[in-house]
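Trainee: Data: upload27.cif, mmCIF, C-alpha atoms.
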data_protein
loop_
_atom_site.group_PDB
_atom_site.id
_atom_site.type_symbol
_atom_site.label_atom_id
_atom_site.label_comp_id
_atom_site.auth_asym_id
_atom_site.auth_seq_id
_atom_site.Cartn_x
_atom_site.Cartn_y
_atom_site.Cartn_z
ATOM 1 C CA MET A 1 280.477 312.501 175.990
ATOM 2 C CA GLU A 2 279.773 312.764 172.263
ATOM 3 C CA PHE A 3 276.529 314.646 172.941
ATOM 4 C CA LEU A 4 278.195 316.836 175.572
ATOM 5 C CA ARG A 5 280.962 317.947 173.220
ATOM 6 C CA LYS A 6 278.347 319.084 170.703
ATOM 7 C CA LYS A 7 276.433 320.981 173.380
ATOM 8 C CA LEU A 8 279.426 322.829 174.784
ATOM 9 C CA LYS A 9 279.118 325.498 172.098
ATOM 10 C CA TRP A 10 275.609 326.345 173.345
ATOM 11 C CA ILE A 11 276.805 326.547 176.926
ATOM 12 C CA GLN A 12 279.766 328.759 175.958
ATOM 13 C CA GLN A 13 277.543 330.998 173.842
ATOM 14 C CA THR A 14 275.147 331.499 176.770
ATOM 15 C CA MET A 15 278.093 332.295 179.066
ATOM 16 C CA ARG A 16 279.365 334.951 176.655
ATOM 17 C CA GLU A 17 275.904 336.490 176.284
ATOM 18 C CA GLN A 18 275.461 336.751 180.052
ATOM 19 C CA GLY A 19 279.033 337.746 180.908
ATOM 20 C CA ILE A 20 279.686 334.598 182.941
ATOM 21 C CA ASP A 21 283.347 333.691 183.467
ATOM 22 C CA ILE A 22 283.035 330.174 184.827
ATOM 23 C CA TRP A 23 280.291 327.655 185.570
ATOM 24 C CA ILE A 24 280.656 326.091 188.989
ATOM 25 C CA THR A 25 278.626 323.045 189.912
ATOM 26 C CA PHE A 26 279.092 321.717 193.402
ATOM 27 C CA THR A 27 277.529 318.687 194.891
ATOM 28 C CA ARG A 28 277.611 316.416 197.912
ATOM 29 C CA GLU A 29 279.440 313.136 198.251
ATOM 30 C CA GLY A 30 276.993 310.298 197.706
ATOM 31 C CA ASN A 31 274.184 312.699 196.723
ATOM 32 C CA GLU A 32 275.263 314.340 193.515
ATOM 33 C CA ASP A 33 273.559 317.111 191.576
ATOM 34 C CA PRO A 34 271.672 315.536 188.631
ATOM 35 C CA LEU A 35 273.673 317.720 186.244
ATOM 36 C CA ALA A 36 276.872 316.060 187.450
ATOM 37 C CA GLN A 37 275.915 313.052 185.343
ATOM 38 C CA ASP A 38 275.631 315.197 182.221
ATOM 39 C CA LEU A 39 278.890 317.014 182.883
ATOM 40 C CA ARG A 40 280.581 313.681 183.705
ATOM 41 C CA PHE A 41 281.744 314.606 187.197
ATOM 42 C CA SER A 42 282.351 311.998 189.857
ATOM 43 C CA ASP A 43 281.629 312.733 193.536
ATOM 44 C CA LEU A 44 282.844 316.154 194.669
ATOM 45 C CA THR A 45 283.327 317.048 198.303
ATOM 46 C CA TRP A 46 284.713 320.573 198.757
ATOM 47 C CA ARG A 47 283.124 324.027 198.654
ATOM 48 C CA ALA A 48 285.063 326.573 196.582
ATOM 49 C CA MET A 49 285.885 330.227 195.854
ATOM 50 C CA LYS A 50 284.593 331.759 199.091
ATOM 51 C CA GLY A 51 285.896 335.233 198.227
ATOM 52 C CA TYR A 52 283.793 335.458 195.066
ATOM 53 C CA SER A 53 280.362 334.917 196.615
ATOM 54 C CA LYS A 54 279.085 338.379 195.614
ATOM 55 C CA ARG A 55 279.779 337.618 191.958
ATOM 56 C CA PHE A 56 277.780 334.404 191.878
ATOM 57 C CA VAL A 57 274.720 334.277 189.596
ATOM 58 C CA SER A 58 272.368 331.403 188.865
ATOM 59 C CA GLY A 59 273.573 328.763 186.421
ATOM 60 C CA GLU A 60 269.988 328.024 185.384
ATOM 61 C CA ASP A 61 270.357 329.213 181.800
ATOM 62 C CA LEU A 62 273.527 327.148 181.407
ATOM 63 C CA ALA A 63 271.674 324.087 182.654
ATOM 64 C CA ILE A 64 268.933 324.842 180.122
ATOM 65 C CA ALA A 65 271.520 324.998 177.332
ATOM 66 C CA LEU A 66 272.830 321.625 178.472
ATOM 67 C CA ARG A 67 269.587 319.738 179.096
ATOM 68 C CA ALA A 68 266.759 321.432 177.180
ATOM 69 C CA ARG A 69 268.390 321.981 173.803
ATOM 70 C CA LEU A 70 268.936 318.688 171.997
ATOM 71 C CA VAL A 71 271.517 317.756 169.376
ATOM 72 C CA PRO A 72 270.161 315.816 166.359
ATOM 73 C CA GLU A 73 271.184 312.441 167.803
ATOM 74 C CA GLU A 74 269.177 313.200 170.946
ATOM 75 C CA VAL A 75 266.155 314.247 168.897
ATOM 76 C CA GLU A 76 266.333 310.888 167.125
ATOM 77 C CA LEU A 77 266.198 309.102 170.482
ATOM 78 C CA VAL A 78 263.154 311.170 171.498
ATOM 79 C CA LYS A 79 261.542 310.239 168.166
ATOM 80 C CA LYS A 80 262.160 306.554 168.875
ATOM 81 C CA ALA A 81 260.623 306.957 172.332
ATOM 82 C CA ILE A 82 257.591 308.526 170.661
ATOM 83 C CA VAL A 83 257.283 305.744 168.073
ATOM 84 C CA GLU A 84 257.407 303.073 170.784
ATOM 85 C CA CYS A 85 254.858 304.985 172.846
ATOM 86 C CA GLU A 86 252.488 305.230 169.886
ATOM 87 C CA LYS A 87 252.829 301.490 169.182
ATOM 88 C CA ILE A 88 251.858 300.711 172.765
ATOM 89 C CA TYR A 89 248.928 303.127 172.529
ATOM 90 C CA ASP A 90 247.678 301.236 169.478
ATOM 91 C CA GLY A 91 247.878 297.988 171.416
ATOM 92 C CA VAL A 92 246.179 299.386 174.508
ATOM 93 C CA GLU A 93 243.018 300.223 172.534
ATOM 94 C CA ASP A 94 241.997 296.543 172.765
ATOM 95 C CA ALA A 95 241.930 296.819 176.570
ATOM 96 C CA ILE A 96 239.531 299.781 176.757
ATOM 97 C CA ARG A 97 236.232 297.887 176.783
ATOM 98 C CA PRO A 98 232.923 298.015 178.657
ATOM 99 C CA GLY A 99 233.079 296.036 181.873
ATOM 100 C CA LYS A 100 236.850 296.385 182.257
ATOM 101 C CA ARG A 101 238.320 298.547 185.001
ATOM 102 C CA ASP A 102 240.747 301.389 184.435
ATOM 103 C CA LYS A 103 243.232 299.324 186.470
ATOM 104 C CA TYR A 104 243.089 296.630 183.783
ATOM 105 C CA VAL A 105 244.016 299.189 181.089
ATOM 106 C CA HIS A 106 246.855 300.490 183.265
ATOM 107 C CA GLU A 107 248.267 297.004 183.805
ATOM 108 C CA PHE A 108 247.769 296.044 180.144
ATOM 109 C CA ALA A 109 250.006 298.978 179.163
ATOM 110 C CA HIS A 110 252.630 297.796 181.667
ATOM 111 C CA LYS A 111 252.555 294.357 180.045
ATOM 112 C CA LEU A 112 253.292 295.874 176.624
ATOM 113 C CA VAL A 113 256.088 298.037 178.066
ATOM 114 C CA ALA A 114 257.718 294.956 179.617
ATOM 115 C CA GLU A 115 257.432 292.962 176.394
ATOM 116 C CA LYS A 116 259.371 295.675 174.586
ATOM 117 C CA GLY A 117 262.048 295.840 177.282
ATOM 118 C CA LEU A 118 261.317 299.512 177.929
ATOM 119 C CA SER A 119 260.525 301.543 181.032
ATOM 120 C CA THR A 120 257.861 304.161 181.675
ATOM 121 C CA ALA A 121 258.714 307.830 181.215
ATOM 122 C CA TRP A 122 257.723 308.726 184.772
ATOM 123 C CA ALA A 123 256.780 306.856 187.976
ATOM 124 C CA TYR A 124 255.683 303.319 187.088
ATOM 125 C CA ASP A 125 252.586 303.356 189.296
ATOM 126 C CA ARG A 126 251.314 306.562 187.632
ATOM 127 C CA CYS A 127 252.207 305.823 184.003
ATOM 128 C CA PRO A 128 249.884 305.454 182.252
ATOM 129 C CA SER A 129 247.265 307.582 183.949
ATOM 130 C CA VAL A 130 243.812 306.286 182.989
ATOM 131 C CA ASN A 131 240.853 308.638 183.507
ATOM 132 C CA VAL A 132 237.308 307.374 182.950
ATOM 133 C CA ALA A 133 234.419 309.828 182.500
ATOM 134 C CA GLY A 134 234.298 312.494 185.210
ATOM 135 C CA ASN A 135 236.911 311.008 187.545
ATOM 136 C CA PRO A 136 239.301 313.690 188.829
ATOM 137 C CA MET A 137 242.247 314.400 186.595
ATOM 138 C CA GLY A 138 245.715 314.190 188.097
ATOM 139 C CA HIS A 139 248.952 312.272 188.361
ATOM 140 C CA ILE A 140 247.354 309.010 189.427
ATOM 141 C CA GLY A 141 247.488 305.627 187.717
ATOM 142 C CA TYR A 142 243.777 304.860 187.947
ATOM 143 C CA HIS A 143 240.682 305.221 190.152
ATOM 144 C CA ASN A 144 239.578 301.566 189.955
ATOM 145 C CA ALA A 145 236.509 302.645 187.979
ATOM 146 C CA ILE A 146 234.507 300.373 185.681
ATOM 147 C CA ILE A 147 234.455 301.415 182.009
ATOM 148 C CA ARG A 148 230.950 301.614 180.549
ATOM 149 C CA ASN A 149 229.402 302.276 177.145
ATOM 150 C CA GLY A 150 229.193 306.005 176.510
ATOM 151 C CA ASP A 151 232.243 306.834 178.668
ATOM 152 C CA PHE A 152 234.849 309.364 177.606
ATOM 153 C CA VAL A 153 238.299 307.968 178.478
ATOM 154 C CA LYS A 154 241.686 309.725 178.550
ATOM 155 C CA LEU A 155 245.146 308.181 178.792
ATOM 156 C CA ASP A 156 248.399 309.974 179.663
ATOM 157 C CA PHE A 157 251.447 307.834 178.879
ATOM 158 C CA GLY A 158 255.082 307.863 177.834
ATOM 159 C CA VAL A 159 258.097 305.580 177.625
ATOM 160 C CA ASN A 160 261.808 305.963 178.215
ATOM 161 C CA TYR A 161 263.932 304.799 175.289
ATOM 162 C CA GLU A 162 267.690 304.677 175.937
ATOM 163 C CA GLY A 163 267.458 307.578 178.374
ATOM 164 C CA TYR A 164 265.051 309.826 176.424
ATOM 165 C CA CYS A 165 261.326 310.267 177.009
ATOM 166 C CA SER A 166 257.998 310.608 175.226
ATOM 167 C CA ASP A 167 254.797 312.037 176.721
ATOM 168 C CA ILE A 168 251.495 311.710 174.842
ATOM 169 C CA GLN A 169 247.791 311.774 175.694
ATOM 170 C CA ARG A 170 244.923 310.271 173.734
ATOM 171 C CA VAL A 171 241.154 310.304 174.212
ATOM 172 C CA TYR A 172 238.545 307.639 173.447
ATOM 173 C CA PHE A 173 234.799 307.134 173.280
ATOM 174 C CA VAL A 174 233.533 303.736 174.421
ATOM 175 C CA GLY A 175 230.827 301.745 172.697
ATOM 176 C CA PRO A 176 228.486 301.941 169.684
ATOM 177 C CA GLY A 177 226.100 304.699 168.748
ATOM 178 C CA ASN A 178 226.611 308.338 167.938
ATOM 179 C CA ILE A 179 229.209 310.337 169.822
ATOM 180 C CA PRO A 180 227.312 313.097 171.683
ATOM 181 C CA ASN A 181 227.735 316.610 170.330
ATOM 182 C CA SER A 182 228.951 317.745 173.761
ATOM 183 C CA VAL A 183 231.850 315.281 173.521
ATOM 184 C CA LYS A 184 232.609 316.346 169.948
ATOM 185 C CA ARG A 185 232.639 319.992 171.031
ATOM 186 C CA MET A 186 235.145 319.252 173.803
ATOM 187 C CA PHE A 187 237.401 317.501 171.316
ATOM 188 C CA GLU A 188 237.129 320.223 168.676
ATOM 189 C CA THR A 189 237.933 322.901 171.259
ATOM 190 C CA ALA A 190 240.971 320.982 172.504
ATOM 191 C CA ARG A 191 242.189 320.488 168.930
ATOM 192 C CA ALA A 192 241.775 324.191 168.173
ATOM 193 C CA ALA A 193 243.600 325.144 171.405
ATOM 194 C CA ASN A 194 246.543 322.920 170.464
ATOM 195 C CA ASP A 195 246.680 324.493 167.022
ATOM 196 C CA ALA A 196 246.510 328.018 168.459
ATOM 197 C CA ALA A 197 249.413 327.276 170.787
ATOM 198 C CA LEU A 198 251.442 325.710 167.986
ATOM 199 C CA ALA A 199 250.918 328.791 165.825
ATOM 200 C CA ALA A 200 252.591 330.838 168.574
ATOM 201 C CA LEU A 201 255.451 328.383 169.188
ATOM 202 C CA LYS A 202 258.679 329.647 167.647
ATOM 203 C CA PRO A 203 262.154 330.704 168.804
ATOM 204 C CA GLY A 204 262.046 333.908 170.843
ATOM 205 C CA THR A 205 258.425 333.594 171.948
ATOM 206 C CA ILE A 206 258.011 333.868 175.717
ATOM 207 C CA GLY A 207 256.574 330.778 177.416
ATOM 208 C CA TYR A 208 253.466 332.457 178.818
ATOM 209 C CA GLN A 209 252.568 333.816 175.370
ATOM 210 C CA VAL A 210 252.265 330.281 173.980
ATOM 211 C CA ASP A 211 250.113 329.252 176.941
ATOM 212 C CA SER A 212 247.922 332.314 176.543
ATOM 213 C CA ALA A 213 247.125 331.449 172.918
ATOM 214 C CA GLY A 214 245.568 328.122 173.911
ATOM 215 C CA ARG A 215 244.103 329.283 177.223
ATOM 216 C CA LYS A 216 242.177 332.222 175.760
ATOM 217 C CA LEU A 217 240.582 330.060 173.083
ATOM 218 C CA ILE A 218 239.304 327.517 175.628
ATOM 219 C CA VAL A 219 237.847 330.174 177.925
ATOM 220 C CA LYS A 220 236.260 331.970 174.978
ATOM 221 C CA LYS A 221 234.453 328.730 174.108
ATOM 222 C CA GLY A 222 232.877 328.753 177.572
ATOM 223 C CA TYR A 223 235.028 326.118 179.287
ATOM 224 C CA PRO A 224 236.819 326.659 182.612
ATOM 225 C CA GLU A 225 240.452 327.703 182.626
ATOM 226 C CA TYR A 226 242.721 324.684 183.000
ATOM 227 C CA LYS A 227 244.764 324.559 186.216
ATOM 228 C CA HIS A 228 248.162 323.638 184.798
ATOM 229 C CA ALA A 229 250.739 324.780 182.252
ATOM 230 C CA LEU A 230 250.063 324.250 178.545
ATOM 231 C CA GLY A 231 253.383 322.498 177.948
ATOM 232 C CA HIS A 232 256.880 321.677 179.153
ATOM 233 C CA VAL A 233 260.279 320.695 177.802
ATOM 234 C CA LEU A 234 260.819 317.004 177.049
ATOM 235 C CA GLY A 235 264.153 315.201 176.873
ATOM 236 C CA ARG A 236 266.198 313.167 179.323
ATOM 237 C CA SER A 237 263.285 313.500 181.736
ATOM 238 C CA THR A 238 259.584 314.032 181.106
ATOM 239 C CA HIS A 239 259.493 317.444 182.787
ATOM 240 C CA GLU A 240 262.892 318.742 181.749
ATOM 241 C CA ILE A 241 264.460 321.985 182.938
ATOM 242 C CA GLY A 242 263.763 324.860 180.563
ATOM 243 C CA PRO A 243 261.139 327.404 179.539
ATOM 244 C CA LEU A 244 257.636 326.536 180.708
ATOM 245 C CA LEU A 245 254.625 327.162 178.471
ATOM 246 C CA GLY A 246 252.458 328.251 181.353
ATOM 247 C CA PRO A 247 250.445 331.145 182.803
ATOM 248 C CA ARG A 248 251.981 333.966 184.831
ATOM 249 C CA TRP A 249 251.281 332.410 188.220
ATOM 250 C CA PRO A 250 254.492 333.389 190.103
ATOM 251 C CA ASN A 251 253.600 331.523 193.288
ATOM 252 C CA ARG A 252 253.411 328.295 191.320
ATOM 253 C CA TYR A 253 255.665 328.686 188.306
ATOM 254 C CA GLY A 254 258.110 331.404 189.319
ATOM 255 C CA LYS A 255 259.987 332.875 186.358
ATOM 256 C CA GLN A 256 260.057 329.764 184.193
ATOM 257 C CA VAL A 257 257.182 331.111 182.086
ATOM 258 C CA GLU A 258 259.172 334.308 181.398
ATOM 259 C CA LYS A 259 261.892 332.416 179.531
ATOM 260 C CA SER A 260 262.016 332.262 175.748
ATOM 261 C CA VAL A 261 261.391 329.270 173.554
ATOM 262 C CA GLN A 262 264.604 328.191 171.824
ATOM 263 C CA LYS A 263 265.406 326.227 168.692
ATOM 264 C CA ASP A 264 266.230 322.542 169.240
ATOM 265 C CA MET A 265 263.906 322.163 172.240
ATOM 266 C CA VAL A 266 261.158 319.531 172.330
ATOM 267 C CA PHE A 267 257.904 320.613 173.992
ATOM 268 C CA THR A 268 254.657 318.945 174.939
ATOM 269 C CA ILE A 269 251.498 320.805 173.928
ATOM 270 C CA GLU A 270 248.636 319.883 176.281
ATOM 271 C CA PRO A 271 245.883 322.409 177.090
ATOM 272 C CA SER A 272 242.870 320.783 178.774
ATOM 273 C CA VAL A 273 239.148 321.116 178.107
ATOM 274 C CA THR A 274 237.077 319.956 181.088
ATOM 275 C CA SER A 275 233.351 319.352 181.540
ATOM 276 C CA LYS A 276 231.134 316.998 183.516
ATOM 277 C CA LEU A 277 231.915 314.398 180.839
ATOM 278 C CA GLY A 278 235.614 314.344 181.718
ATOM 279 C CA THR A 279 238.782 316.030 180.498
ATOM 280 C CA CYS A 280 239.902 316.213 176.875
ATOM 281 C CA ASN A 281 243.629 316.675 176.375
ATOM 282 C CA LEU A 282 245.345 315.997 173.052
ATOM 283 C CA GLU A 283 248.949 316.089 174.248
ATOM 284 C CA GLN A 284 251.497 315.964 171.449
ATOM 285 C CA ASP A 285 255.286 316.314 171.230
ATOM 286 C CA VAL A 286 256.908 318.849 168.887
ATOM 287 C CA LEU A 287 260.420 320.065 168.066
ATOM 288 C CA VAL A 288 261.100 323.807 167.830
ATOM 289 C CA THR A 289 262.761 324.703 164.517
ATOM 290 C CA ALA A 290 264.178 327.942 163.153
ATOM 291 C CA GLY A 291 260.826 328.897 161.644
ATOM 292 C CA GLY A 292 258.371 327.324 164.063
ATOM 293 C CA TYR A 293 257.936 323.663 164.924
ATOM 294 C CA GLN A 294 258.043 320.105 163.608
ATOM 295 C CA GLN A 295 255.502 317.537 164.766
ATOM 296 C CA LEU A 296 257.221 314.507 166.288
ATOM 297 C CA SER A 297 254.160 312.618 167.514
ATOM 298 C CA LYS A 298 251.063 312.036 165.404
ATOM 299 C CA PRO A 299 248.416 314.615 166.336
ATOM 300 C CA GLN A 300 245.048 313.120 167.213
ATOM 301 C CA GLU A 301 242.588 314.453 164.659
ATOM 302 C CA ASP A 302 239.510 312.469 165.683
ATOM 303 C CA ILE A 303 238.080 310.809 168.777
ATOM 304 C CA ILE A 304 239.151 307.154 168.816
ATOM 305 C CA ARG A 305 236.234 304.743 169.149
ATOM 306 C CA VAL A 306 236.827 301.619 171.231
ATOM 307 C CA GLY A 307 234.847 298.749 172.690
#
Show me this structure written as structure tokens.

Mentor:
Amino acid sequence: MEFLRKKLKWIQQTMREQGIDIWITFTREGNEDPLAQDLRFSDLTWRAMKGYSKRFVSGEDLAIALRARLVPEEVELVKKAIVECEKIYDGVEDAIRPGKRDKYVHEFAHKLVAEKGLSTAWAYDRCPSVNVAGNPMGHIGYHNAIIRNGDFVKLDFGVNYEGYCSDIQRVYFVGPGNIPNSVKRMFETARAANDAALAALKPGTIGYQVDSAGRKLIVKKGYPEYKHALGHVLGRSTHEIGPLLGPRWPNRYGKQVEKSVQKDMVFTIEPSVTSKLGTCNLEQDVLVTAGGYQQLSKPQEDIIRVG
């Protein structure tokens, strides 16, 4: 309730800007709207205001004001989720070794999560996602592949800390010897794409414009266009309601990419660079400020060597 009281001003401001008189949320008994928890409603059972149906407009922007914009106390909880995630990442490095399977790394991360009394930021069986070499990227826990010297490995992982989430990706090179130039080039391109997107991230920027900044750089470097959005809002859930930093693909993303970035939102930044060696994605979490952004997670500046 303390957080909700602080957010009410944002909701009321959005209502005034859009000429909305009242926000109606209706739900079903025993199957409530997720927002009912935030607005502190119990089960509701009746439909209302039949005569006003022609005046109804979507409450999407009000939901965004409630869920996507975070008060300082919420940002602190996201920061703690990020810190705990990064600690587990540091511990997981010991598990990424030649001869081990990606399943072992996945389960090793689960062990560390349990020891800390935390939960994963998304579905347990898919968090973390461990990708070895050229195995297909996607929301899958692992492929049961054996890790070998010379492999490029990517992890996608986050934790839930007191109801708030982190979402970070790191990449690794396994074994001794020089890291191939082709791997270094993937990493450098991904790092530059993140930085290009971050340079565009500020209040008022449209979601697809941020995506375009990273996407164009990757394609210009000769890599294929990645098949997902560059970033999403992070908060109570990993993929929170709000503006999407994605391409203008209406059949997939609708109008979410047409919405503006707002101050006090936390975004992931995660453009992908893919080759036959695997996928390089340096996902980081940032807070939008009045003048741009603040890094919440530690950006990966170099390929991490393991094994």

Trainee: Considering all atoms listed in the file, can you say which of A:Leu245, A:Cys165, A:Ile179, A:Val113 comes closest to Gly91 of chain A?

Mentor: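 The closest residue to Gly91 of chain A is A:Val113.
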
Trainee: Restricting the calculation to only C-alpha atoms: of A:Leu70, A:Ala196, A:Val273, A:Val288, which residue gets closest to Lys184 of chain A?

Mentor: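 Between A:Leu70, A:Ala196, A:Val273, A:Val288, the residue approaching Lys184 of chain A most closely is A:Val273.
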
Trainee: Measure the distance from atom CA of Ile168 of chain A to atom CA of Ala109 of chain A in Å and round it to one decimal.

Mentor: 13.5 Å

Trainee: Could you tell me how far atom CA of Val171 of chain A sits from atom CA of Arg236 of chain A, in Å to one decimal place?

Mentor: 25.7 Å

Trainee: Skip Asp21 of chain A itself and residues of its chain fewer than 6 positions away, then list as a list of chain:residue names all residues within 12 Å of it, counting only C-alpha atoms.

Mentor: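 Those residues are A:Ile11, A:Gln12, A:Gln13, A:Thr14, A:Met15, A:Tyr52, A:Arg55, A:Phe56, A:Val57, A:Gly59, A:Leu62.
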
Trainee: Near Asp211 of chain A, within 7 Å and counting all atoms listed in the file, which residues show up once chain neighbours fewer than 3 positions away are dropped, as a PyMOL selection string?

Mentor: chain A and resi 197+207-208+214-215+229-230+245-247

Trainee: Which polymer residues have any atom within 12 Å of an atom of segment 249-262 of chain A, counting only C-alpha atoms, with same-chain residues fewer than 3 positions away left out, as JSON, numbers by chain?

Mentor: {"A": [10, 60, 61, 64, 65, 68, 69, 70, 198, 200, 201, 202, 203, 204, 205, 206, 207, 208, 209, 210, 211, 212, 227, 228, 229, 230, 231, 232, 233, 240, 241, 242, 243, 244, 245, 246, 265, 266, 267, 287, 288, 289, 290, 291, 292, 293]}

Trainee: Could you tell me how far atom CA of Lys154 of chain A sits from atom CA of Asn131 of chain A, in Å to one decimal place?

Mentor: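 Rounded to one decimal, the two atoms are 5.1 Å apart.
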
Trainee: Work out where the centre of an axis-aligned box around every listed atom of segment 184-195 of chain A lies and how long its edges are once 6 Å is added on each side; give both in Å to one decimal as lines of an AutoDock Vina configuration file.

Mentor:
center_x = 239.6
center_y = 320.7
center_z = 170.4
size_x = 26.1
size_y = 20.8
size_z = 18.8

Trainee: Exactly which residues make up the result of the PyMOL selection byres ((chain A and resi 104) around 12) on this file, given as a PyMOL selection string?

Mentor: chain A and resi 92-103+105-111+128-130+141-147

Trainee: Let me make sure I understand: among A:Leu282, A:Gly307, A:Glu115, A:Lys276, which one has the smallest atom-to-atom distance to Arg191 of chain A if we use all atoms listed in the file?

Mentor: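 Checking each of A:Leu282, A:Gly307, A:Glu115, A:Lys276 against Arg191 of chain A, counting all atoms listed in the file, the winner is A:Leu282.
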
Trainee: Could you tell me, as a list in words, which residues have any atom at most 8 Å from (237.1, 326.2, 174.2), counting all atoms listed in the file?

Mentor: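 Applying the cut-off with all atoms listed in the file, one gets Met186, Thr189, Ala190, Ala192, Ala193, Leu217, Ile218, Val219, Lys220, Lys221, Gly222, Tyr223 and Val273 of chain A.
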
Trainee: Since I can't run it myself right now, could you work out what the PyMOL selection byres ((chain A and resi 274) around 9) selects here and report it as a list of chain:residue names?

Mentor: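 Taken over the shown coordinates, the PyMOL selection byres ((chain A and resi 274) around 9) returns A:Gly134, A:Met186, A:Tyr223, A:Pro224, A:Glu225, A:Tyr226, A:Ser272, A:Val273, A:Ser275, A:Lys276, A:Leu277, A:Gly278, A:Thr279, A:Cys280, A:Asn281.
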
Trainee: Neighbouring residues of Arg5 of chain A were defined as those with any atom within 12 Å, considering only C-alpha atoms; residues of the same chain fewer than 2 positions away were excluded. Please report them as an MDAnalysis selection string.

Mentor: chainID A and resid 1:3 7:12 38:40 66 71

Trainee: Extract segment 218-231 of chain A from the structure I just pasted (atoms: N, CA and C atoms) and return it as a compact mmCIF listing (two decimals), in the first residue's frame.

Mentor:
# COMPACT_ATOMS: atom_id res chain seq x y z
N ILE A 218 24.29 -3.61 -35.75
CA ILE A 218 24.60 -5.04 -35.92
C ILE A 218 24.53 -5.44 -37.39
N VAL A 219 23.49 -4.99 -38.08
CA VAL A 219 23.34 -5.33 -39.50
C VAL A 219 24.45 -4.70 -40.32
N LYS A 220 24.84 -3.48 -39.98
CA LYS A 220 25.91 -2.80 -40.70
C LYS A 220 27.23 -3.55 -40.57
N LYS A 221 27.41 -4.24 -39.46
CA LYS A 221 28.63 -5.03 -39.24
C LYS A 221 28.59 -6.37 -39.96
N GLY A 222 27.49 -6.65 -40.66
CA GLY A 222 27.41 -7.86 -41.47
C GLY A 222 26.76 -9.05 -40.78
N TYR A 223 26.18 -8.84 -39.60
CA TYR A 223 25.50 -9.93 -38.90
C TYR A 223 24.01 -9.92 -39.21
N PRO A 224 23.34 -11.06 -39.07
CA PRO A 224 21.90 -11.09 -39.34
C PRO A 224 21.12 -10.29 -38.31
N GLU A 225 19.96 -9.82 -38.71
CA GLU A 225 19.08 -9.08 -37.82
C GLU A 225 18.54 -10.01 -36.75
N TYR A 226 18.61 -9.61 -35.50
CA TYR A 226 18.10 -10.48 -34.44
C TYR A 226 16.57 -10.51 -34.49
N LYS A 227 16.00 -11.64 -34.03
CA LYS A 227 14.57 -11.91 -34.22
C LYS A 227 13.73 -11.63 -32.98
N HIS A 228 14.16 -10.66 -32.20
CA HIS A 228 13.42 -10.34 -30.97
C HIS A 228 13.56 -8.85 -30.69
N ALA A 229 12.90 -8.37 -29.65
CA ALA A 229 13.02 -6.97 -29.26
C ALA A 229 14.35 -6.73 -28.55
N LEU A 230 14.83 -5.50 -28.62
CA LEU A 230 16.11 -5.14 -28.00
C LEU A 230 16.00 -5.08 -26.47
N GLY A 231 14.81 -4.78 -25.95
CA GLY A 231 14.69 -4.68 -24.50
C GLY A 231 13.25 -4.55 -24.06
